Structures are given as structure tokens and as C-alpha cells.
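Note: the block below is structure.pdb and it holds PDB, N, CA and C atoms.
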```
ATOM      1  N   MET M 999     109.227 117.118  99.757
ATOM      2  CA  MET M 999     108.026 117.367  98.999
ATOM      3  C   MET M 999     106.878 116.560  99.591
ATOM      4  N   ASN M1000     105.716 117.158  99.679
ATOM      5  CA  ASN M1000     104.531 116.470 100.167
ATOM      6  C   ASN M1000     103.769 115.914  98.978
ATOM      7  N   TRP M1001     103.416 114.653  99.074
ATOM      8  CA  TRP M1001     102.706 113.979  97.999
ATOM      9  C   TRP M1001     101.240 113.818  98.367
ATOM     10  N   THR M1002     100.364 114.007  97.396
ATOM     11  CA  THR M1002      98.944 113.757  97.636
ATOM     12  C   THR M1002      98.690 112.265  97.502
ATOM     13  N   LEU M1003      97.585 111.819  98.043
ATOM     14  CA  LEU M1003      97.231 110.414  97.949
ATOM     15  C   LEU M1003      97.058 109.999  96.489
ATOM     16  N   ASP M1004      96.519 110.882  95.661
ATOM     17  CA  ASP M1004      96.370 110.577  94.235
ATOM     18  C   ASP M1004      97.723 110.369  93.569
ATOM     19  N   GLN M1005      98.701 111.192  93.911
ATOM     20  CA  GLN M1005     100.038 111.039  93.337
ATOM     21  C   GLN M1005     100.672 109.721  93.788
ATOM     22  N   ILE M1006     100.505 109.405  95.060
ATOM     23  CA  ILE M1006     101.031 108.144  95.582
ATOM     24  C   ILE M1006     100.360 106.972  94.868
ATOM     25  N   ASP M1007      99.045 107.056  94.676
ATOM     26  CA  ASP M1007      98.320 105.987  93.981
ATOM     27  C   ASP M1007      98.835 105.785  92.559
ATOM     28  N   GLU M1008      99.193 106.874  91.892
ATOM     29  CA  GLU M1008      99.730 106.767  90.533
ATOM     30  C   GLU M1008     101.076 106.035  90.513
ATOM     31  N   MET M1009     101.841 106.155  91.580
ATOM     32  CA  MET M1009     103.150 105.507  91.661
ATOM     33  C   MET M1009     103.048 104.014  92.000
ATOM     34  N   THR M1010     101.934 103.610  92.575
ATOM     35  CA  THR M1010     101.820 102.268  93.121
ATOM     36  C   THR M1010     102.133 101.148  92.134
ATOM     37  N   PRO M1011     101.547 101.123  90.945
ATOM     38  CA  PRO M1011     101.851  99.982  90.063
ATOM     39  C   PRO M1011     103.353  99.829  89.777
ATOM     40  N   ARG M1012     104.017 100.926  89.514
ATOM     41  CA  ARG M1012     105.456 100.879  89.206
ATOM     42  C   ARG M1012     106.262 100.358  90.395
ATOM     43  N   TYR M1013     106.045 100.955  91.558
ATOM     44  CA  TYR M1013     106.844 100.578  92.718
ATOM     45  C   TYR M1013     106.453  99.215  93.276
ATOM     46  N   LYS M1014     105.198  98.843  93.159
ATOM     47  CA  LYS M1014     104.789  97.513  93.611
ATOM     48  C   LYS M1014     105.471  96.448  92.758
ATOM     49  N   ARG M1015     105.505  96.649  91.438
ATOM     50  CA  ARG M1015     106.213  95.703  90.559
ATOM     51  C   ARG M1015     107.684  95.612  90.950
ATOM     52  N   LEU M1016     108.293  96.765  91.205
ATOM     53  CA  LEU M1016     109.703  96.781  91.597
ATOM     54  C   LEU M1016     109.909  95.987  92.887
ATOM     55  N   MET M1017     109.139  96.289  93.912
ATOM     56  CA  MET M1017     109.305  95.630  95.203
ATOM     57  C   MET M1017     109.024  94.131  95.096
ATOM     58  N   ASP M1018     108.017  93.756  94.329
ATOM     59  CA  ASP M1018     107.694  92.336  94.164
ATOM     60  C   ASP M1018     108.804  91.572  93.447
ATOM     61  N   SER M1019     109.593  92.277  92.640
ATOM     62  CA  SER M1019     110.651  91.613  91.877
ATOM     63  C   SER M1019     111.942  91.436  92.680
ATOM     64  N   LEU M1020     112.021  92.065  93.840
ATOM     65  CA  LEU M1020     113.251  92.038  94.630
ATOM     66  C   LEU M1020     113.242  90.934  95.686
ATOM     67  N   PRO M1021     114.418  90.387  95.995
ATOM     68  CA  PRO M1021     114.515  89.431  97.106
ATOM     69  C   PRO M1021     114.176  90.116  98.439
ATOM     70  N   VAL M1022     113.839  89.312  99.420
ATOM     71  CA  VAL M1022     113.432  89.823 100.731
ATOM     72  C   VAL M1022     114.498  90.738 101.340
ATOM     73  N   ALA M1023     115.762  90.349 101.281
ATOM     74  CA  ALA M1023     116.827  91.162 101.877
ATOM     75  C   ALA M1023     116.883  92.542 101.232
ATOM     76  N   HIS M1024     116.674  92.618  99.938
ATOM     77  CA  HIS M1024     116.685  93.903  99.235
ATOM     78  C   HIS M1024     115.522  94.778  99.710
ATOM     79  N   ARG M1025     114.351  94.163  99.863
ATOM     80  CA  ARG M1025     113.191  94.919 100.338
ATOM     81  C   ARG M1025     113.406  95.413 101.763
ATOM     82  N   LYS M1026     114.049  94.590 102.591
ATOM     83  CA  LYS M1026     114.341  95.016 103.967
ATOM     84  C   LYS M1026     115.296  96.209 103.970
ATOM     85  N   VAL M1027     116.282  96.191 103.101
ATOM     86  CA  VAL M1027     117.238  97.302 103.014
ATOM     87  C   VAL M1027     116.525  98.574 102.566
ATOM     88  N   ILE M1028     115.656  98.475 101.575
ATOM     89  CA  ILE M1028     114.904  99.649 101.128
ATOM     90  C   ILE M1028     114.048 100.186 102.267
ATOM     91  N   GLY M1029     113.378  99.294 102.987
ATOM     92  CA  GLY M1029     112.578  99.729 104.132
ATOM     93  C   GLY M1029     113.420 100.439 105.178
ATOM     94  N   ALA M1030     114.589  99.887 105.456
ATOM     95  CA  ALA M1030     115.483 100.517 106.437
ATOM     96  C   ALA M1030     115.901 101.911 105.976
ATOM     97  N   LEU M1031     116.203 102.056 104.705
ATOM     98  CA  LEU M1031     116.616 103.361 104.183
ATOM     99  C   LEU M1031     115.501 104.399 104.281
ATOM    100  N   THR M1032     114.249 103.961 104.273
ATOM    101  CA  THR M1032     113.147 104.922 104.413
ATOM    102  C   THR M1032     112.925 105.335 105.858
ATOM    103  N   ARG M1033     113.441 104.536 106.786
ATOM    104  CA  ARG M1033     113.242 104.847 108.215
ATOM    105  C   ARG M1033     114.429 105.562 108.858
ATOM    106  N   LEU M1034     115.594 105.435 108.263
ATOM    107  CA  LEU M1034     116.805 106.024 108.838
ATOM    108  C   LEU M1034     117.035 107.438 108.313
ATOM    109  N   PRO M1035     117.777 108.254 109.080
ATOM    110  CA  PRO M1035     118.190 109.556 108.533
ATOM    111  C   PRO M1035     119.066 109.300 107.306
ATOM    112  N   VAL M1036     118.870 110.109 106.292
ATOM    113  CA  VAL M1036     119.583 109.921 105.023
ATOM    114  C   VAL M1036     120.736 110.888 104.932
ATOM    115  N   PRO M1037     121.875 110.492 104.435
ATOM    116  CA  PRO M1037     122.294 109.141 104.081
ATOM    117  C   PRO M1037     122.674 108.345 105.327
ATOM    118  N   ALA M1038     122.735 107.015 105.172
ATOM    119  CA  ALA M1038     122.995 106.132 106.307
ATOM    120  C   ALA M1038     124.148 105.188 105.992
ATOM    121  N   GLY M1039     124.860 104.804 107.030
ATOM    122  CA  GLY M1039     125.949 103.849 106.880
ATOM    123  C   GLY M1039     125.431 102.414 106.783
ATOM    124  N   ALA M1040     126.234 101.545 106.195
ATOM    125  CA  ALA M1040     125.837 100.153 105.990
ATOM    126  C   ALA M1040     125.535  99.436 107.306
ATOM    127  N   THR M1041     126.292  99.736 108.346
ATOM    128  CA  THR M1041     126.059  99.089 109.643
ATOM    129  C   THR M1041     124.695  99.475 110.207
ATOM    130  N   ASP M1042     124.349 100.757 110.111
ATOM    131  CA  ASP M1042     123.039 101.213 110.585
ATOM    132  C   ASP M1042     121.914 100.595 109.764
ATOM    133  N   ILE M1043     122.136 100.502 108.466
ATOM    134  CA  ILE M1043     121.127  99.898 107.585
ATOM    135  C   ILE M1043     120.924  98.432 107.960
ATOM    136  N   ALA M1044     122.015  97.706 108.165
ATOM    137  CA  ALA M1044     121.921  96.289 108.543
ATOM    138  C   ALA M1044     121.153  96.133 109.847
ATOM    139  N   ARG M1045     121.460  96.966 110.816
ATOM    140  CA  ARG M1045     120.782  96.892 112.116
ATOM    141  C   ARG M1045     119.286  97.177 111.965
ATOM    142  N   GLU M1046     118.960  98.242 111.236
ATOM    143  CA  GLU M1046     117.553  98.623 111.050
ATOM    144  C   GLU M1046     116.785  97.560 110.253
ATOM    145  N   ALA M1047     117.460  96.940 109.284
ATOM    146  CA  ALA M1047     116.832  95.909 108.452
ATOM    147  C   ALA M1047     116.814  94.543 109.133
ATOM    148  N   ARG M1048     117.518  94.442 110.255
ATOM    149  CA  ARG M1048     117.653  93.177 110.978
ATOM    150  C   ARG M1048     118.284  92.097 110.094
ATOM    151  N   LEU M1049     119.379  92.519 109.456
ATOM    152  CA  LEU M1049     120.153  91.619 108.607
ATOM    153  C   LEU M1049     121.585  91.564 109.097
ATOM    154  N   GLU M1050     122.262  90.476 108.784
ATOM    155  CA  GLU M1050     123.691  90.415 109.052
ATOM    156  C   GLU M1050     124.361  91.484 108.191
ATOM    157  N   PRO M1051     125.391  92.152 108.721
ATOM    158  CA  PRO M1051     126.052  93.199 107.941
ATOM    159  C   PRO M1051     126.484  92.745 106.538
ATOM    160  N   ARG M1052     126.970  91.517 106.431
ATOM    161  CA  ARG M1052     127.412  91.007 105.134
ATOM    162  C   ARG M1052     126.249  90.930 104.141
ATOM    163  N   LYS M1053     125.099  90.452 104.615
ATOM    164  CA  LYS M1053     123.913  90.353 103.753
ATOM    165  C   LYS M1053     123.428  91.743 103.332
ATOM    166  N   ALA M1054     123.435  92.675 104.273
ATOM    167  CA  ALA M1054     123.000  94.032 103.953
ATOM    168  C   ALA M1054     123.941  94.674 102.938
ATOM    169  N   SER M1055     125.244  94.475 103.108
ATOM    170  CA  SER M1055     126.221  95.035 102.163
ATOM    171  C   SER M1055     126.045  94.446 100.773
ATOM    172  N   MET M1056     125.799  93.134 100.705
ATOM    173  CA  MET M1056     125.568  92.511  99.398
ATOM    174  C   MET M1056     124.297  93.065  98.758
ATOM    175  N   ALA M1057     123.258  93.240  99.552
ATOM    176  CA  ALA M1057     122.014  93.788  99.018
ATOM    177  C   ALA M1057     122.222  95.222  98.529
ATOM    178  N   LEU M1058     122.950  96.021  99.295
ATOM    179  CA  LEU M1058     123.233  97.399  98.881
ATOM    180  C   LEU M1058     123.998  97.432  97.557
ATOM    181  N   THR M1059     124.989  96.561  97.424
ATOM    182  CA  THR M1059     125.774  96.509  96.192
ATOM    183  C   THR M1059     124.890  96.143  94.999
ATOM    184  N   ARG M1060     124.028  95.176  95.193
ATOM    185  CA  ARG M1060     123.142  94.763  94.095
ATOM    186  C   ARG M1060     122.096  95.825  93.785
ATOM    187  N   LEU M1061     121.577  96.484  94.816
ATOM    188  CA  LEU M1061     120.626  97.570  94.578
ATOM    189  C   LEU M1061     121.292  98.737  93.869
ATOM    190  N   LYS M1062     122.557  98.985  94.177
ATOM    191  CA  LYS M1062     123.291 100.050  93.482
ATOM    192  C   LYS M1062     123.449  99.705  92.006
ATOM    193  N   ALA M1063     123.755  98.444  91.711
ATOM    194  CA  ALA M1063     123.903  98.011  90.318
ATOM    195  C   ALA M1063     122.599  98.196  89.537
ATOM    196  N   LYS M1064     121.466  98.119  90.224
ATOM    197  CA  LYS M1064     120.165  98.304  89.585
ATOM    198  C   LYS M1064     119.745  99.779  89.551
ATOM    199  N   GLY M1065     120.543 100.652  90.175
ATOM    200  CA  GLY M1065     120.229 102.078  90.190
ATOM    201  C   GLY M1065     119.198 102.468  91.232
ATOM    202  N   ILE M1066     118.929 101.589  92.187
ATOM    203  CA  ILE M1066     117.908 101.857  93.203
ATOM    204  C   ILE M1066     118.479 102.638  94.384
ATOM    205  N   VAL M1067     119.745 102.398  94.704
ATOM    206  CA  VAL M1067     120.413 103.151  95.767
ATOM    207  C   VAL M1067     121.684 103.774  95.206
ATOM    208  N   SER M1068     122.172 104.758  95.907
ATOM    209  CA  SER M1068     123.456 105.375  95.555
ATOM    210  C   SER M1068     124.245 105.568  96.839
ATOM    211  N   HIS M1069     125.542 105.757  96.697
ATOM    212  CA  HIS M1069     126.337 106.002  97.893
ATOM    213  C   HIS M1069     127.447 106.999  97.594
ATOM    214  N   ARG M1070     127.843 107.632  98.666
ATOM    215  CA  ARG M1070     128.929 108.599  98.621
ATOM    216  C   ARG M1070     129.539 108.636 100.010
ATOM    217  N   ASN M1071     130.857 108.574 100.057
ATOM    218  CA  ASN M1071     131.568 108.606 101.341
ATOM    219  C   ASN M1071     131.042 107.554 102.315
ATOM    220  N   ARG M1072     130.821 106.353 101.796
ATOM    221  CA  ARG M1072     130.379 105.210 102.599
ATOM    222  C   ARG M1072     129.003 105.388 103.233
ATOM    223  N   LYS M1073     128.211 106.283 102.684
ATOM    224  CA  LYS M1073     126.841 106.500 103.144
ATOM    225  C   LYS M1073     125.893 106.209 101.985
ATOM    226  N   TRP M1074     124.780 105.591 102.292
ATOM    227  CA  TRP M1074     123.831 105.124 101.293
ATOM    228  C   TRP M1074     122.515 105.872 101.380
ATOM    229  N   LYS M1075     121.845 105.988 100.219
ATOM    230  CA  LYS M1075     120.505 106.565 100.177
ATOM    231  C   LYS M1075     119.778 106.004  98.963
ATOM    232  N   LEU M1076     118.462 106.129  98.977
ATOM    233  CA  LEU M1076     117.678 105.726  97.816
ATOM    234  C   LEU M1076     117.942 106.722  96.695
ATOM    235  N   ALA M1077     118.151 106.214  95.506
ATOM    236  CA  ALA M1077     118.433 107.087  94.363
ATOM    237  C   ALA M1077     117.178 107.858  93.945
ATOM    238  N   ASP M1078     116.014 107.281  94.180
ATOM    239  CA  ASP M1078     114.745 107.889  93.782
ATOM    240  C   ASP M1078     113.972 108.309  95.033
ATOM    241  N   PRO M1079     113.917 109.607  95.331
ATOM    242  CA  PRO M1079     113.217 110.041  96.553
ATOM    243  C   PRO M1079     111.718 109.736  96.529
ATOM    244  N   THR M1080     111.138 109.588  95.342
ATOM    245  CA  THR M1080     109.708 109.259  95.303
ATOM    246  C   THR M1080     109.459 107.834  95.766
ATOM    247  N   LEU M1081     110.437 106.950  95.605
ATOM    248  CA  LEU M1081     110.296 105.588  96.129
ATOM    249  C   LEU M1081     110.168 105.633  97.648
ATOM    250  N   ALA M1082     110.957 106.468  98.287
ATOM    251  CA  ALA M1082     110.876 106.602  99.750
ATOM    252  C   ALA M1082     109.508 107.139 100.166
ATOM    253  N   ALA M1083     108.999 108.132  99.462
ATOM    254  CA  ALA M1083     107.687 108.698  99.785
ATOM    255  C   ALA M1083     106.591 107.653  99.609
ATOM    256  N   TRP M1084     106.661 106.899  98.513
ATOM    257  CA  TRP M1084     105.678 105.847  98.272
ATOM    258  C   TRP M1084     105.748 104.779  99.361
ATOM    259  N   TYR M1085     106.954 104.353  99.702
ATOM    260  CA  TYR M1085     107.132 103.301 100.698
ATOM    261  C   TYR M1085     106.601 103.748 102.056
ATOM    262  N   ARG M1086     106.915 104.979 102.449
ATOM    263  CA  ARG M1086     106.426 105.480 103.745
ATOM    264  C   ARG M1086     104.904 105.535 103.765
ATOM    265  N   ALA M1087     104.303 106.017 102.681
ATOM    266  CA  ALA M1087     102.835 106.090 102.619
ATOM    267  C   ALA M1087     102.226 104.698 102.712
ATOM    268  N   ARG M1088     102.824 103.742 102.033
ATOM    269  CA  ARG M1088     102.334 102.367 102.073
ATOM    270  C   ARG M1088     102.437 101.805 103.480
ATOM    271  N   ARG M1089     103.567 102.070 104.137
ATOM    272  CA  ARG M1089     103.782 101.550 105.491
ATOM    273  C   ARG M1089     102.836 102.201 106.500
ATOM    274  N   GLN M1090     102.416 103.411 106.244
ATOM    275  CA  GLN M1090     101.499 104.086 107.161
ATOM    276  C   GLN M1090     100.073 103.594 107.002
ATOM    277  N   GLY M1091      99.875 102.660 106.079
ATOM    278  CA  GLY M1091      98.558 102.062 105.924
ATOM    279  C   GLY M1091      97.601 102.829 105.050
ATOM    280  N   ARG M1092      98.106 103.856 104.365
ATOM    281  CA  ARG M1092      97.218 104.626 103.516
ATOM    282  C   ARG M1092      96.929 103.923 102.191
ATOM    283  N   LEU M1093      97.736 102.925 101.878
ATOM    284  CA  LEU M1093      97.529 102.203 100.609
ATOM    285  C   LEU M1093      97.308 100.735 100.897
ATOM    286  N   GLN M1094      96.397 100.151 100.193
ATOM    287  CA  GLN M1094      96.193  98.716 100.254
ATOM    288  C   GLN M1094      96.782  98.123  98.988
ATOM    289  N   LEU M1095      97.774  97.263  99.150
ATOM    290  CA  LEU M1095      98.409  96.653  98.000
ATOM    291  C   LEU M1095      97.972  95.209  97.910
ATOM    292  N   THR M1096      97.033  94.962  97.037
ATOM    293  CA  THR M1096      96.565  93.600  96.826
ATOM    294  C   THR M1096      96.738  93.241  95.371
ATOM    295  N   ALA M1097      96.952  91.972  95.136
ATOM    296  CA  ALA M1097      97.160  91.501  93.760
ATOM    297  C   ALA M1097      95.856  91.471  93.001
TER
END
```
Could you show the structure in this file as C-alpha cells?
Amino acid sequence: MNWTLDQIDEMTPRYKRLMDSLPVAHRKVIGALTRLPVPAGATDIAREARLEPRKASMALTRLKAKGIVSHRNRKWKLADPTLAAWYRARRQGRLQLTA
């Protein structure tokens, strides 16, 4: 689905609060999941996030407990596809996130 800038802007407060509440390793894992083909294996996620595999696996487990990621057959993806769209738009510089 293609999102308009207005739709992305509406999502910003919710997702910014979410991202700000997460530890750095969790945010790196979410970023990796937005850049990798979906679904992705834990090893690929760790490599893309530049984390030790053990740290990435722990982050994935904790993100799953929060309902942010899901997995099936040892492959992981973001549970909310709009989070991925928001994150990609933010990373492309279309959004300025300031406090």
C-alpha cells in the first residue's frame, strides 16, 4: 500500500512514542526488518542490525511479547505493516522527528 505524507504524519506521534520507549537493540532490529525482504531469519536480522546474534534473538523475543513482531517457521516480520511504512518514510528523510 502506498501511503500519503499526510497519512504518515498522522502515524508519527504513535510510532515515535513506541520507538522512543524501546531499547536501542530493539530499534535496530525494527530498522533491520524494514530493510530486509520479509519475512527474515534471525541471523540475517542480526547481521543487518549489526548486533550479535544472541542480542538480536533476545530483542526479537521481547518484541514478539509486545506484539511488535511475529514469526512463523523461524522467519520474522513486523506485525504491523504500517510501522514499516512509517519507519521507511522517516528514514528517507521525509519526516523530521523533533521533540
Selection dump of the PyMOL selection byres (((chain M and resi 1076-1089 and name CA) around 12) and name CA), as an MDAnalysis selection string: chainID M and resid 999:1014 1016:1017 1024:1038 1043 1058 1061:1070 1073:1075 1090:1096
All alpha helix (DSSP H) residues (DSSP, backbone) inside chain M, as JSON, numbers by chain: {"M": [1003, 1004, 1005, 1006, 1007, 1008, 1009, 1010, 1011, 1012, 1013, 1014, 1015, 1016, 1017, 1018, 1019, 1022, 1023, 1024, 1025, 1026, 1027, 1028, 1029, 1030, 1031, 1032, 1033, 1040, 1041, 1042, 1043, 1044, 1045, 1046, 1047, 1051, 1052, 1053, 1054, 1055, 1056, 1057, 1058, 1059, 1060, 1061, 1062, 1063, 1079, 1080, 1081, 1082, 1083, 1084, 1085, 1086, 1087, 1088, 1089]}
Atom N of Pro1021 of chain M to atom C of Ala1040 of chain M, straight-line distance in Å: 18.3 Å
Point-to-point distance from atom CA of Ala1054 of chain M to atom N of Arg1072 of chain M, Å rounded to tenths: 14.8 Å
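The space between atom CA of Asp1018 of chain M and atom CA of Asn1071 of chain M spans 29.8 Å.
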Once 4 Å is added on each side, what are the centre and the three edge lengths, in Å to one decimal, of the axis-aligned box enclosing the listed atoms of segment 1045-1049 of chain M? Present them as lines of an AutoDock Vina configuration file.
```
center_x = 119.2
center_y = 95.1
center_z = 110.3
size_x = 12.8
size_y = 15.1
size_z = 11.7
```
